[in-house]
$ cat model_30.cif   # mmCIF, C-alpha atoms and all ligand atoms
data_upload
#
loop_
_atom_site.label_atom_id
_atom_site.label_comp_id
_atom_site.auth_asym_id
_atom_site.auth_seq_id
_atom_site.Cartn_x
_atom_site.Cartn_y
_atom_site.Cartn_z
CA MET A 29 -40.49 23.38 -23.13
CA ASN A 30 -42.50 26.56 -22.91
CA VAL A 31 -41.22 29.95 -23.95
CA GLN A 32 -40.70 31.17 -20.40
CA THR A 33 -38.62 28.16 -19.41
CA ASP A 34 -36.69 28.47 -22.63
CA LYS A 35 -35.82 32.05 -21.73
CA LEU A 36 -34.67 30.98 -18.30
CA CYS A 37 -32.55 28.26 -19.86
CA THR A 38 -30.87 30.85 -22.06
CA VAL A 39 -30.08 32.97 -19.03
CA LEU A 40 -28.79 30.05 -17.02
CA LEU A 41 -26.71 28.67 -19.86
CA SER A 42 -25.26 32.07 -20.49
CA VAL A 43 -23.65 31.95 -17.09
CA ALA A 44 -22.86 28.24 -17.54
CA LEU A 45 -24.05 27.32 -14.07
CA ALA A 46 -27.00 25.02 -14.68
CA ALA A 47 -28.66 22.81 -17.24
CA CYS A 48 -32.30 22.80 -18.23
CA ALA A 49 -34.62 19.83 -18.41
CA ALA A 50 -38.03 19.47 -19.96
CA GLY A 51 -40.75 20.60 -17.59
CA GLY A 52 -38.60 22.80 -15.38
CA THR A 53 -35.37 24.60 -14.69
CA ARG A 54 -32.93 22.47 -12.73
CA VAL A 55 -31.25 24.36 -9.93
CA PRO A 56 -27.60 23.67 -8.99
CA GLY A 57 -27.38 21.21 -6.10
CA ASP A 58 -25.35 23.59 -3.95
CA ALA A 59 -27.62 26.59 -4.54
CA LEU A 60 -29.30 28.79 -1.97
CA VAL A 61 -32.91 29.09 -3.10
CA ILE A 62 -35.27 31.75 -1.77
CA ARG A 63 -38.90 30.93 -2.47
CA ASN A 64 -42.46 31.53 -1.32
CA GLY A 65 -42.32 35.27 -1.80
CA THR A 66 -42.98 38.07 -4.27
CA VAL A 67 -39.83 38.99 -6.15
CA ILE A 68 -39.34 42.73 -6.65
CA ASP A 69 -36.19 42.85 -8.75
CA GLY A 70 -35.27 46.57 -8.55
CA THR A 71 -35.43 47.10 -12.33
CA GLY A 72 -38.88 48.66 -12.15
CA ARG A 73 -40.41 45.57 -13.80
CA ALA A 74 -43.66 44.19 -12.38
CA PRO A 75 -43.15 41.99 -9.31
CA ILE A 76 -43.26 38.18 -9.70
CA ALA A 77 -46.04 37.03 -7.35
CA ASP A 78 -44.82 33.50 -6.57
CA GLY A 79 -41.16 33.99 -7.28
CA VAL A 80 -37.92 32.09 -6.82
CA LEU A 81 -34.41 33.47 -6.54
CA VAL A 82 -31.47 31.12 -7.05
CA ILE A 83 -28.06 31.98 -5.64
CA GLN A 84 -24.82 30.08 -6.16
CA GLY A 85 -21.74 31.23 -4.31
CA ASP A 86 -21.91 34.99 -4.06
CA ARG A 87 -23.96 35.48 -7.25
CA ILE A 88 -27.55 35.40 -8.40
CA VAL A 89 -27.89 32.74 -11.09
CA ALA A 90 -31.62 32.74 -11.81
CA VAL A 91 -34.86 34.46 -10.95
CA GLY A 92 -38.36 33.65 -12.11
CA GLU A 93 -41.71 32.05 -11.39
CA ALA A 94 -41.80 29.13 -8.95
CA ALA A 95 -43.57 26.89 -11.46
CA ASP A 96 -40.53 27.01 -13.76
CA PHE A 97 -38.03 25.63 -11.25
CA GLU A 98 -37.08 22.13 -10.10
CA ILE A 99 -35.39 22.51 -6.73
CA PRO A 100 -33.10 19.61 -5.77
CA GLN A 101 -33.14 18.11 -2.26
CA SER A 102 -29.54 19.16 -1.74
CA ALA A 103 -30.23 22.89 -2.23
CA THR A 104 -30.51 25.14 0.81
CA VAL A 105 -34.00 26.60 0.84
CA LEU A 106 -34.94 29.85 2.51
CA ASP A 107 -38.70 30.30 2.87
CA ALA A 108 -39.74 33.95 2.47
CA GLY A 109 -42.98 33.18 4.31
CA GLY A 110 -45.16 34.89 1.73
CA GLY A 111 -43.27 38.17 2.10
CA SER A 112 -41.22 40.03 -0.48
CA ILE A 113 -37.75 39.35 -1.87
CA LEU A 114 -35.86 42.42 -3.07
CA PRO A 115 -32.33 43.69 -3.62
CA GLY A 116 -30.53 44.92 -0.51
CA ILE A 117 -31.16 48.64 -0.10
CA ILE A 118 -28.29 50.97 -1.03
CA ASN A 119 -27.77 54.30 0.72
CA SER A 120 -25.86 56.19 -1.94
CA HIS A 121 -24.92 59.28 0.07
CA THR A 122 -23.39 58.82 3.51
CA HIS A 123 -20.48 59.99 5.67
CA SER A 124 -18.83 58.40 8.74
CA THR A 125 -19.40 54.94 7.28
CA ASP A 126 -15.72 53.99 7.34
CA VAL A 127 -16.51 52.59 10.82
CA ALA A 128 -17.34 48.85 10.69
CA ALA A 129 -19.82 49.07 13.58
CA VAL A 130 -21.81 51.70 11.71
CA ARG A 131 -21.90 49.57 8.57
CA ARG A 132 -22.92 46.54 10.68
CA ALA A 133 -25.93 48.49 11.93
CA PHE A 134 -26.85 49.38 8.36
CA LEU A 135 -26.56 45.75 7.23
CA THR A 136 -28.74 44.40 10.05
CA ASP A 137 -31.45 46.81 8.95
CA GLY A 138 -31.37 45.64 5.32
CA VAL A 139 -29.01 48.24 3.88
CA THR A 140 -26.43 45.99 2.24
CA THR A 141 -24.36 48.82 0.72
CA VAL A 142 -23.46 52.33 1.77
CA CYS A 143 -21.57 54.80 -0.39
CA ASN A 144 -19.42 57.35 1.32
CA VAL A 145 -19.08 60.66 -0.50
CA GLY A 146 -16.54 62.39 1.71
CA THR A 147 -13.74 61.12 3.94
CA SER A 148 -10.17 62.04 4.68
CA LEU A 149 -7.40 59.92 3.15
CA ALA A 150 -6.65 58.69 6.67
CA GLN A 151 -10.13 57.11 6.91
CA LEU A 152 -9.80 54.95 3.80
CA PRO A 153 -8.39 51.83 5.56
CA GLY A 154 -11.77 51.68 7.38
CA PHE A 155 -13.35 50.37 4.19
CA ASP A 156 -11.12 47.29 4.03
CA GLU A 157 -13.48 44.29 3.90
CA THR A 158 -10.77 41.66 4.09
CA SER A 159 -10.57 41.66 7.88
CA ALA A 160 -13.04 39.29 9.57
CA PRO A 161 -15.19 41.70 11.61
CA GLU A 162 -16.03 43.65 8.45
CA ALA A 163 -17.68 40.67 6.77
CA ARG A 164 -20.93 41.23 8.64
CA ALA A 165 -21.06 44.90 7.68
CA ALA A 166 -22.68 46.64 4.73
CA ARG A 167 -20.41 46.94 1.70
CA GLY A 168 -18.71 50.32 1.75
CA TYR A 169 -17.75 52.18 -1.40
CA TRP A 170 -16.06 55.54 -1.22
CA ALA A 171 -15.17 58.71 -3.08
CA GLY A 172 -12.44 59.68 -0.61
CA PRO A 173 -11.53 63.34 -0.18
CA ILE A 174 -13.68 65.75 -2.16
CA ILE A 175 -12.12 67.47 -5.15
CA THR A 176 -12.25 71.23 -4.72
CA VAL A 177 -9.95 74.26 -5.11
CA PRO A 178 -7.42 75.47 -2.52
CA GLY A 179 -9.33 76.97 0.40
CA GLY A 180 -12.68 75.69 -0.90
CA TYR A 181 -15.65 73.89 0.68
CA PRO A 182 -15.94 71.45 2.47
CA GLY A 183 -12.66 72.39 4.17
CA THR A 184 -14.12 75.78 5.08
CA VAL A 185 -16.74 74.08 7.25
CA TYR A 186 -15.65 70.52 8.07
CA GLY A 187 -11.85 70.73 8.01
CA PHE A 188 -9.32 70.64 5.21
CA GLN A 189 -8.57 66.93 5.62
CA PHE A 190 -11.73 66.36 3.54
CA ASN A 191 -10.43 68.47 0.64
CA TYR A 192 -8.47 67.16 -2.33
CA GLU A 193 -7.35 70.53 -3.62
CA VAL A 194 -6.55 71.20 -7.27
CA ALA A 195 -5.65 74.48 -8.96
CA THR A 196 -5.50 73.51 -12.64
CA PRO A 197 -7.17 71.06 -15.06
CA GLU A 198 -3.95 69.01 -15.04
CA GLU A 199 -4.04 68.74 -11.26
CA ALA A 200 -7.73 67.87 -11.48
CA ARG A 201 -7.02 64.95 -13.82
CA ALA A 202 -4.17 63.77 -11.60
CA ALA A 203 -6.45 63.90 -8.54
CA VAL A 204 -9.02 61.64 -10.20
CA ALA A 205 -6.29 59.24 -11.30
CA ASP A 206 -4.85 59.14 -7.79
CA LEU A 207 -8.22 58.52 -6.12
CA VAL A 208 -9.25 55.79 -8.57
CA ASP A 209 -5.84 54.14 -8.20
CA ARG A 210 -6.41 54.12 -4.44
CA GLY A 211 -9.78 52.40 -4.96
CA ALA A 212 -12.39 55.15 -5.30
CA SER A 213 -15.61 53.94 -6.94
CA MET A 214 -16.88 57.45 -7.58
CA ILE A 215 -15.59 61.02 -7.59
CA LYS A 216 -17.18 63.73 -5.48
CA ILE A 217 -16.72 67.41 -6.23
CA THR A 218 -18.16 70.47 -4.53
CA LEU A 219 -19.49 73.62 -6.17
CA ALA A 220 -20.25 75.57 -3.01
CA PRO A 221 -19.61 79.31 -3.04
CA GLY A 222 -21.25 79.82 0.37
CA ASP A 223 -22.19 83.39 1.25
CA PRO A 224 -22.31 85.44 -1.99
CA ARG A 225 -21.07 88.53 -0.11
CA ASP A 226 -17.84 86.74 0.76
CA PRO A 227 -17.76 83.66 -1.48
CA TRP A 228 -15.48 80.67 -1.18
CA PRO A 229 -13.47 79.79 -4.29
CA ILE A 230 -14.91 77.00 -6.44
CA LEU A 231 -13.81 74.78 -9.34
CA ASP A 232 -14.25 76.32 -12.80
CA LEU A 233 -15.76 74.69 -15.88
CA GLU A 234 -12.42 73.70 -17.37
CA GLN A 235 -11.35 71.95 -14.16
CA VAL A 236 -14.67 70.10 -13.84
CA GLN A 237 -14.53 69.05 -17.50
CA ALA A 238 -11.07 67.60 -16.86
CA ILE A 239 -12.39 65.74 -13.80
CA VAL A 240 -15.34 64.28 -15.70
CA GLU A 241 -13.22 63.24 -18.69
CA GLU A 242 -10.65 61.48 -16.53
CA ALA A 243 -13.31 59.83 -14.36
CA HIS A 244 -15.23 58.53 -17.36
CA VAL A 245 -12.06 57.14 -18.95
CA ARG A 246 -11.59 55.26 -15.68
CA GLY A 247 -15.23 54.15 -15.53
CA VAL A 248 -16.36 56.02 -12.42
CA PRO A 249 -19.18 58.57 -12.05
CA VAL A 250 -18.76 62.17 -10.90
CA ARG A 251 -21.12 63.52 -8.26
CA ALA A 252 -21.43 67.23 -7.53
CA HIS A 253 -22.54 68.86 -4.30
CA VAL A 254 -24.51 71.83 -5.66
CA PHE A 255 -27.45 73.98 -4.60
CA GLU A 256 -27.21 77.05 -6.85
CA PRO A 257 -29.15 76.75 -10.14
CA PHE A 258 -26.62 78.95 -11.98
CA LEU A 259 -23.86 76.46 -11.16
CA VAL A 260 -25.97 73.60 -12.50
CA GLU A 261 -26.41 75.61 -15.69
CA ASP A 262 -22.85 76.94 -16.03
CA ILE A 263 -20.81 73.94 -14.82
CA VAL A 264 -22.72 70.72 -14.02
CA LEU A 265 -24.53 70.41 -17.35
CA PRO A 266 -21.79 71.56 -19.76
CA ALA A 267 -19.16 69.45 -17.96
CA GLY A 268 -21.31 66.28 -18.09
CA VAL A 269 -21.41 65.57 -14.35
CA ASP A 270 -23.35 62.36 -13.60
CA ALA A 271 -25.23 63.21 -10.40
CA ILE A 272 -26.38 66.21 -8.42
CA GLU A 273 -26.12 65.80 -4.65
CA HIS A 274 -28.81 67.59 -2.62
CA SER A 275 -31.47 69.44 -4.58
CA PRO A 276 -30.80 72.75 -6.30
CA PHE A 277 -33.05 75.55 -5.31
CA PRO A 278 -34.03 78.98 -6.73
CA ILE A 279 -32.10 81.87 -5.17
CA LEU A 280 -34.54 84.55 -4.07
CA SER A 281 -34.30 88.25 -3.34
CA PRO A 282 -35.76 89.34 0.02
CA GLU A 283 -38.85 90.69 -1.80
CA GLU A 284 -39.36 87.40 -3.67
CA GLU A 285 -38.92 85.46 -0.45
CA THR A 286 -41.63 87.56 1.20
CA SER A 287 -43.99 86.99 -1.72
CA VAL A 288 -43.49 83.22 -1.39
CA LEU A 289 -43.87 83.16 2.39
CA GLU A 290 -47.04 85.24 2.33
CA HIS A 291 -48.73 83.34 -0.48
CA GLU A 292 -51.43 80.80 0.38
CA ASP A 293 -49.74 78.20 -1.85
CA PRO A 294 -46.00 78.81 -1.42
CA PRO A 295 -44.71 76.03 -3.74
CA THR A 296 -46.87 77.22 -6.64
CA GLN A 297 -45.90 80.85 -6.02
CA LEU A 298 -42.22 79.90 -5.86
CA PHE A 299 -41.92 77.63 -8.88
CA ASP A 300 -44.62 79.01 -11.21
CA VAL A 301 -44.53 82.74 -10.45
CA VAL A 302 -41.24 83.77 -8.86
CA ALA A 303 -38.81 81.32 -10.49
CA PRO A 304 -40.37 79.60 -13.53
CA GLU A 305 -36.90 79.30 -15.10
CA PHE A 306 -36.04 76.75 -12.39
CA GLU A 307 -38.32 74.18 -13.99
CA VAL A 308 -36.75 74.83 -17.40
CA LEU A 309 -33.39 74.04 -15.82
CA LEU A 310 -34.78 70.85 -14.22
CA ALA A 311 -36.00 69.76 -17.66
CA ARG A 312 -32.45 70.16 -19.01
CA VAL A 313 -31.07 68.12 -16.09
CA VAL A 314 -33.59 65.39 -16.94
CA GLU A 315 -32.85 65.57 -20.66
CA GLN A 316 -29.13 65.11 -20.01
CA GLY A 317 -29.80 62.08 -17.80
CA VAL A 318 -28.21 63.57 -14.69
CA VAL A 319 -29.36 61.67 -11.60
CA MET A 320 -30.55 63.59 -8.55
CA VAL A 321 -29.72 62.43 -5.03
CA PRO A 322 -31.96 64.90 -3.15
CA THR A 323 -30.84 63.96 0.41
CA LEU A 324 -34.20 65.20 1.67
CA ASP A 325 -33.63 63.64 5.10
CA GLN A 326 -30.61 65.89 5.62
CA ASN A 327 -32.39 68.94 4.17
CA ILE A 328 -35.76 68.66 5.94
CA GLY A 329 -35.93 65.30 7.75
CA ASN A 330 -35.92 66.78 11.23
CA LEU A 331 -38.77 69.15 10.30
CA PHE A 332 -40.67 66.38 8.48
CA LYS A 333 -40.57 64.21 11.61
CA LYS A 334 -41.89 67.01 13.85
CA SER A 335 -45.58 66.71 14.68
CA ASP A 336 -45.95 70.40 15.60
CA ARG A 337 -44.44 72.17 12.59
CA SER A 338 -44.76 75.94 12.58
CA PRO A 339 -46.24 77.54 9.43
CA ILE A 340 -42.77 78.54 8.23
CA GLU A 341 -41.41 75.03 8.86
CA GLN A 342 -44.31 73.61 6.86
CA ILE A 343 -43.42 75.89 3.96
CA VAL A 344 -39.80 74.74 4.05
CA VAL A 345 -40.90 71.08 3.91
CA ASP A 346 -43.46 71.73 1.17
CA VAL A 347 -41.14 73.59 -1.19
CA HIS A 348 -38.33 71.02 -0.85
CA VAL A 349 -40.72 68.18 -1.59
CA GLU A 350 -42.25 70.13 -4.47
CA ALA A 351 -38.83 70.67 -6.14
CA VAL A 352 -38.28 66.90 -6.18
CA ARG A 353 -41.87 66.27 -7.28
CA ARG A 354 -41.40 68.49 -10.31
CA PHE A 355 -38.12 66.80 -11.21
CA HIS A 356 -39.88 63.41 -11.01
CA VAL A 357 -42.87 64.57 -13.08
CA LEU A 358 -40.41 65.69 -15.77
CA GLY A 359 -39.06 62.12 -15.86
CA GLY A 360 -35.93 62.64 -13.75
CA THR A 361 -33.99 59.74 -12.26
CA ILE A 362 -33.70 59.85 -8.47
CA ALA A 363 -31.42 57.84 -6.17
CA VAL A 364 -31.81 57.24 -2.43
CA GLY A 365 -29.11 58.80 -0.28
CA ASN A 366 -29.90 60.48 3.01
CA ASP A 367 -26.53 62.12 3.92
CA TYR A 368 -26.15 60.02 7.07
CA GLY A 369 -23.32 61.39 9.21
CA ALA A 370 -23.53 64.97 7.89
CA ILE A 371 -25.83 66.30 10.62
CA PRO A 372 -27.45 64.77 13.71
CA GLY A 373 -30.82 63.12 13.22
CA VAL A 374 -30.26 61.61 9.78
CA GLU A 375 -31.20 57.93 9.90
CA LEU A 376 -28.77 55.10 10.52
CA GLY A 377 -30.13 51.84 9.09
CA MET A 378 -33.05 51.71 6.67
CA PRO A 379 -33.34 55.25 5.21
CA LEU A 380 -37.06 55.31 5.84
CA THR A 381 -37.42 59.08 6.26
CA GLU A 382 -35.74 59.64 2.89
CA MET A 383 -38.01 57.03 1.30
CA ARG A 384 -41.15 58.48 2.89
CA LEU A 385 -40.17 61.92 1.60
CA LEU A 386 -39.68 60.54 -1.93
CA LEU A 387 -43.14 58.98 -1.62
CA ALA A 388 -44.46 62.41 -0.58
CA ALA A 389 -42.77 63.82 -3.71
CA GLY A 390 -44.96 61.58 -5.85
CA LEU A 391 -42.79 58.55 -6.54
CA THR A 392 -44.69 55.27 -6.40
CA PRO A 393 -43.47 52.73 -3.82
CA LEU A 394 -41.96 50.69 -6.69
CA GLU A 395 -40.12 53.81 -7.91
CA VAL A 396 -38.82 54.48 -4.41
CA ILE A 397 -37.47 50.91 -4.27
CA GLU A 398 -35.83 51.40 -7.68
CA ALA A 399 -34.30 54.66 -6.38
CA GLY A 400 -32.90 52.76 -3.39
CA THR A 401 -31.54 49.83 -5.40
CA ARG A 402 -30.71 50.16 -9.12
CA ASN A 403 -30.34 53.97 -9.25
CA ALA A 404 -28.36 54.10 -6.01
CA ALA A 405 -26.00 51.40 -7.31
CA PHE A 406 -25.45 53.43 -10.49
CA VAL A 407 -24.37 56.65 -8.73
CA CYS A 408 -22.00 54.63 -6.57
CA GLY A 409 -20.33 53.23 -9.69
CA GLN A 410 -21.70 49.75 -8.92
CA GLY A 411 -24.45 49.50 -11.52
CA GLU A 412 -22.89 46.43 -13.13
CA ALA A 413 -22.44 44.53 -9.87
CA LEU A 414 -25.31 45.50 -7.57
CA GLY A 415 -28.79 46.95 -7.29
CA THR A 416 -31.05 44.45 -9.07
CA LEU A 417 -31.98 40.79 -8.78
CA GLU A 418 -30.60 39.64 -12.11
CA PRO A 419 -28.31 36.74 -13.06
CA GLY A 420 -24.66 37.65 -12.64
CA LYS A 421 -25.21 40.30 -9.95
CA LEU A 422 -23.83 39.95 -6.45
CA ALA A 423 -26.40 38.23 -4.24
CA ASP A 424 -27.30 41.05 -1.84
CA VAL A 425 -30.92 40.37 -1.00
CA ILE A 426 -33.45 41.21 1.69
CA ILE A 427 -36.66 39.47 2.64
CA VAL A 428 -39.33 41.71 4.16
CA ASP A 429 -42.67 40.98 5.75
CA GLY A 430 -45.44 42.34 3.52
CA ASP A 431 -45.62 43.99 0.13
CA PRO A 432 -43.63 47.25 -0.09
CA THR A 433 -45.14 48.02 -3.51
CA THR A 434 -48.47 48.69 -1.81
CA ASP A 435 -47.15 49.62 1.65
CA LEU A 436 -43.65 51.06 1.49
CA GLU A 437 -43.34 50.75 5.29
CA ALA A 438 -42.81 47.00 4.72
CA VAL A 439 -39.17 47.73 3.81
CA ASP A 440 -38.68 48.40 7.52
CA ARG A 441 -39.91 44.91 8.45
CA VAL A 442 -36.77 43.05 7.45
CA VAL A 443 -36.92 39.31 8.09
CA ALA A 444 -33.58 38.28 6.58
CA VAL A 445 -30.54 39.90 5.00
CA ILE A 446 -28.31 38.08 2.54
CA LYS A 447 -24.96 39.63 1.60
CA GLY A 448 -22.86 38.04 -1.11
CA GLY A 449 -24.92 34.84 -0.95
CA GLU A 450 -24.56 34.42 2.81
CA ILE A 451 -27.26 34.95 5.39
CA ALA A 452 -25.91 37.95 7.28
CA HIS A 453 -28.93 38.54 9.50
CA SER A 454 -32.14 36.67 10.23
CA GLU A 455 -35.04 37.50 12.54
CA ASN A 456 -35.88 33.80 12.91
ZN ZN B 1 -22.99 64.68 2.13
#

$ encode --input "model_30.cif" --output "structure tokens"
Amino acid sequence: MNVQTDKLCTVLLSVALAACAAGGTRVPGDALVIRNGTVIDGTGRAPIADGVLVIQGDRIVAVGEAADFEIPQSATVLDAGGGSILPGIINSHTHSTDVAAVRRAFLTDGVTTVCNVGTSLAQLPGFDETSAPEARAARGYWAGPIITVPGGYPGTVYGFQFNYEVATPEEARAAVADLVDRGASMIKITLAPGDPRDPWPILDLEQVQAIVEEAHVRGVPVRAHVFEPFLVEDIVLPAGVDAIEHSPFPILSPEEETSVLEHEDPPTQLFDVVAPEFEVLLARVVEQGVVMVPTLDQNIGNLFKKSDRSPIEQIVVDVHVEAVRRFHVLGGTIAVGNDYGAIPGVELGMPLTEMRLLLAAGLTPLEVIEAGTRNAAFVCGQGEALGTLEPGKLADVIIVDGDPTTDLEAVDRVVAVIKGGEIAHSEN
């Protein structure tokens, strides 16, 4: 038995689902086996050129090189046709996904999970997967109403049914406990003062610390809607928040804004000359391991898709992309989430605009895939269950035509979608 097979045996035995024989890894007779494709497992590891993925029930039980597997006649075999086999894509920042038909459209496109970071309490029954029509819809995880202070955002803009209002650290802890008891997989907070001349009230450090402590005791991440760098510095970092939603941005005086707009290289003028302290802050965000969910599609997707951008629109696109590029260069962890449902024009289905923008920000195609699988699962509180093709994980898998590690557009050529070990959609 060679070393590689031995390793596979260890993995298989550890989940007690198969036995190993000399010369190959025996696959359970009732397995679903996907073969004849390149396995991209979502961990960031190098792809396996002629790979095999073995699924039993709703779980992945083995993954490896084809040569190491003995596939029994009784197994169900799915031929990937020389394409690529990767984890189902996860859109970690959405709204309006309590509706089964919306999640069905996501699933058909290869997005096997969507995470909803803002609903009313009344919308929560929409995430119930036990009723039959929901089975063929993307998994939906939710944060529920957003924890904020009385009269705070998002109620000020979207309606107060989306607020879970707390006025003290004790109420903040109780809010987290209540939401997790109801089934929340993550906690969403907002730090949005709005117009500085007439600001909305926001959570203070003590309240956010209480939220984070309670959430972490209960094993769920805390995600903060925040744009202002001073709030990242004063609250997000000291409180130990897990993820920043949207991308923070330097606040400029009118004179500084003019100097950026009139410069021949606006991103360089902005980040290196006008606001060099912004990059220092990004480095601290990276050092603390806070994940960024830039939601670039919501921020600039409509401009990015325009073929006739005005000079000012081009600057807006460039500086947003540059902020994410710098975060990535510093070693920051990024998750895919496009803010579907927040504004018109943000993509339903494969979040291709978000992924293209991350590519423009300097991520490699493999890093973009990792951002849309493993990292997205983590911010949704599902890092143990979803996001990579590893034994023990739920078998949410897509087969695409082509190699997305060299041509990211291949993620949009979905041939088959497997959710929980069942073929949920097939083009053939
Ligand atoms: Zn949002």

$ residues_around --input "model_30.cif" --residues "A:Cys143" --least-positions-apart "4" --cutoff "7 Å" --atoms "all atoms listed in the file" --output "PyMOL selection string"
chain A and resi 119-122+168-170+408

$ residues_around --input "model_30.cif" --residues "A:Gly400" --least-positions-apart "3" --cutoff "7 Å" --atoms "all atoms listed in the file" --output "list in words"
Ile117, Ile118, Asn119, Ala363, Val364, Val396, Ile397, Asn403 and Ala404 of chain A

$ closest_residue --input "model_30.cif" --among "A:Arg312, A:Arg63, A:His356, A:Arg384" --to "A:Ala77" --atoms "only C-alpha atoms"
A:Arg63

$ closest_residue --input "model_30.cif" --among "A:Arg246, A:Lys216, A:Arg441, A:Arg54" --to "ligand ZN 1 (chain B)" --atoms "only C-alpha atoms and all ligand atoms"
A:Lys216

$ residues_around --input "model_30.cif" --residues "A:Glu305" --least-positions-apart "6" --cutoff "10 Å" --atoms "all atoms listed in the file" --output "list in words"
Pro257, Pro278, Phe299 and Ala311 of chain A

$ closest_residue --input "model_30.cif" --among "A:Glu157, A:Ala200, A:Ala108, A:Arg337" --to "A:Glu455" --atoms "all atoms listed in the file"
A:Ala108

$ closest_residue --input "model_30.cif" --among "A:Val269, A:Val345, A:Val139, A:Ile328" --to "A:Val445" --atoms "all atoms listed in the file"
A:Val139

$ residues_near_ligand --input "model_30.cif" --ligand "ligand ZN 1 (chain B)" --cutoff "7 Å" --atoms "all atoms listed in the file" --output "count of residues only"
7

$ atom_distance --input "model_30.cif" --atom1 "atom CA of A:Val240" --atom2 "atom CA of A:Leu149"
20.9 Å

$ build_atoms --input "model_30.cif" --residues "stretch 227-239 of chain A" --atoms "N, CA and C atoms" --output "JSON list (two decimals), in the frame of the given file"
[["chain", "number", "residue", "atom", "x", "y", "z"],
["A", 227, "PRO", "N", -17.70, 85.05, -0.99],
["A", 227, "PRO", "CA", -17.76, 83.66, -1.48],
["A", 227, "PRO", "C", -16.45, 82.88, -1.31],
["A", 228, "TRP", "N", -16.62, 81.57, -1.16],
["A", 228, "TRP", "CA", -15.48, 80.67, -1.18],
["A", 228, "TRP", "C", -15.11, 80.42, -2.64],
["A", 229, "PRO", "N", -13.84, 80.12, -2.91],
["A", 229, "PRO", "CA", -13.47, 79.79, -4.29],
["A", 229, "PRO", "C", -14.05, 78.44, -4.69],
["A", 230, "ILE", "N", -14.38, 78.29, -5.96],
["A", 230, "ILE", "CA", -14.91, 77.00, -6.44],
["A", 230, "ILE", "C", -14.22, 76.59, -7.75],
["A", 231, "LEU", "N", -14.35, 75.32, -8.08],
["A", 231, "LEU", "CA", -13.81, 74.78, -9.34],
["A", 231, "LEU", "C", -14.44, 75.52, -10.52],
["A", 232, "ASP", "N", -13.66, 75.71, -11.60],
["A", 232, "ASP", "CA", -14.25, 76.32, -12.80],
["A", 232, "ASP", "C", -14.62, 75.23, -13.81],
["A", 233, "LEU", "N", -15.25, 75.65, -14.90],
["A", 233, "LEU", "CA", -15.76, 74.69, -15.88],
["A", 233, "LEU", "C", -14.64, 73.81, -16.45],
["A", 234, "GLU", "N", -13.52, 74.45, -16.78],
["A", 234, "GLU", "CA", -12.42, 73.70, -17.37],
["A", 234, "GLU", "C", -11.91, 72.60, -16.43],
["A", 235, "GLN", "N", -11.81, 72.94, -15.15],
["A", 235, "GLN", "CA", -11.35, 71.95, -14.16],
["A", 235, "GLN", "C", -12.36, 70.81, -14.02],
["A", 236, "VAL", "N", -13.66, 71.15, -14.00],
["A", 236, "VAL", "CA", -14.67, 70.10, -13.84],
["A", 236, "VAL", "C", -14.73, 69.23, -15.10],
["A", 237, "GLN", "N", -14.57, 69.86, -16.27],
["A", 237, "GLN", "CA", -14.53, 69.05, -17.50],
["A", 237, "GLN", "C", -13.38, 68.05, -17.46],
["A", 238, "ALA", "N", -12.23, 68.49, -16.96],
["A", 238, "ALA", "CA", -11.07, 67.60, -16.86],
["A", 238, "ALA", "C", -11.37, 66.45, -15.89],
["A", 239, "ILE", "N", -12.02, 66.77, -14.79],
["A", 239, "ILE", "CA", -12.39, 65.74, -13.80],
["A", 239, "ILE", "C", -13.32, 64.70, -14.42]]
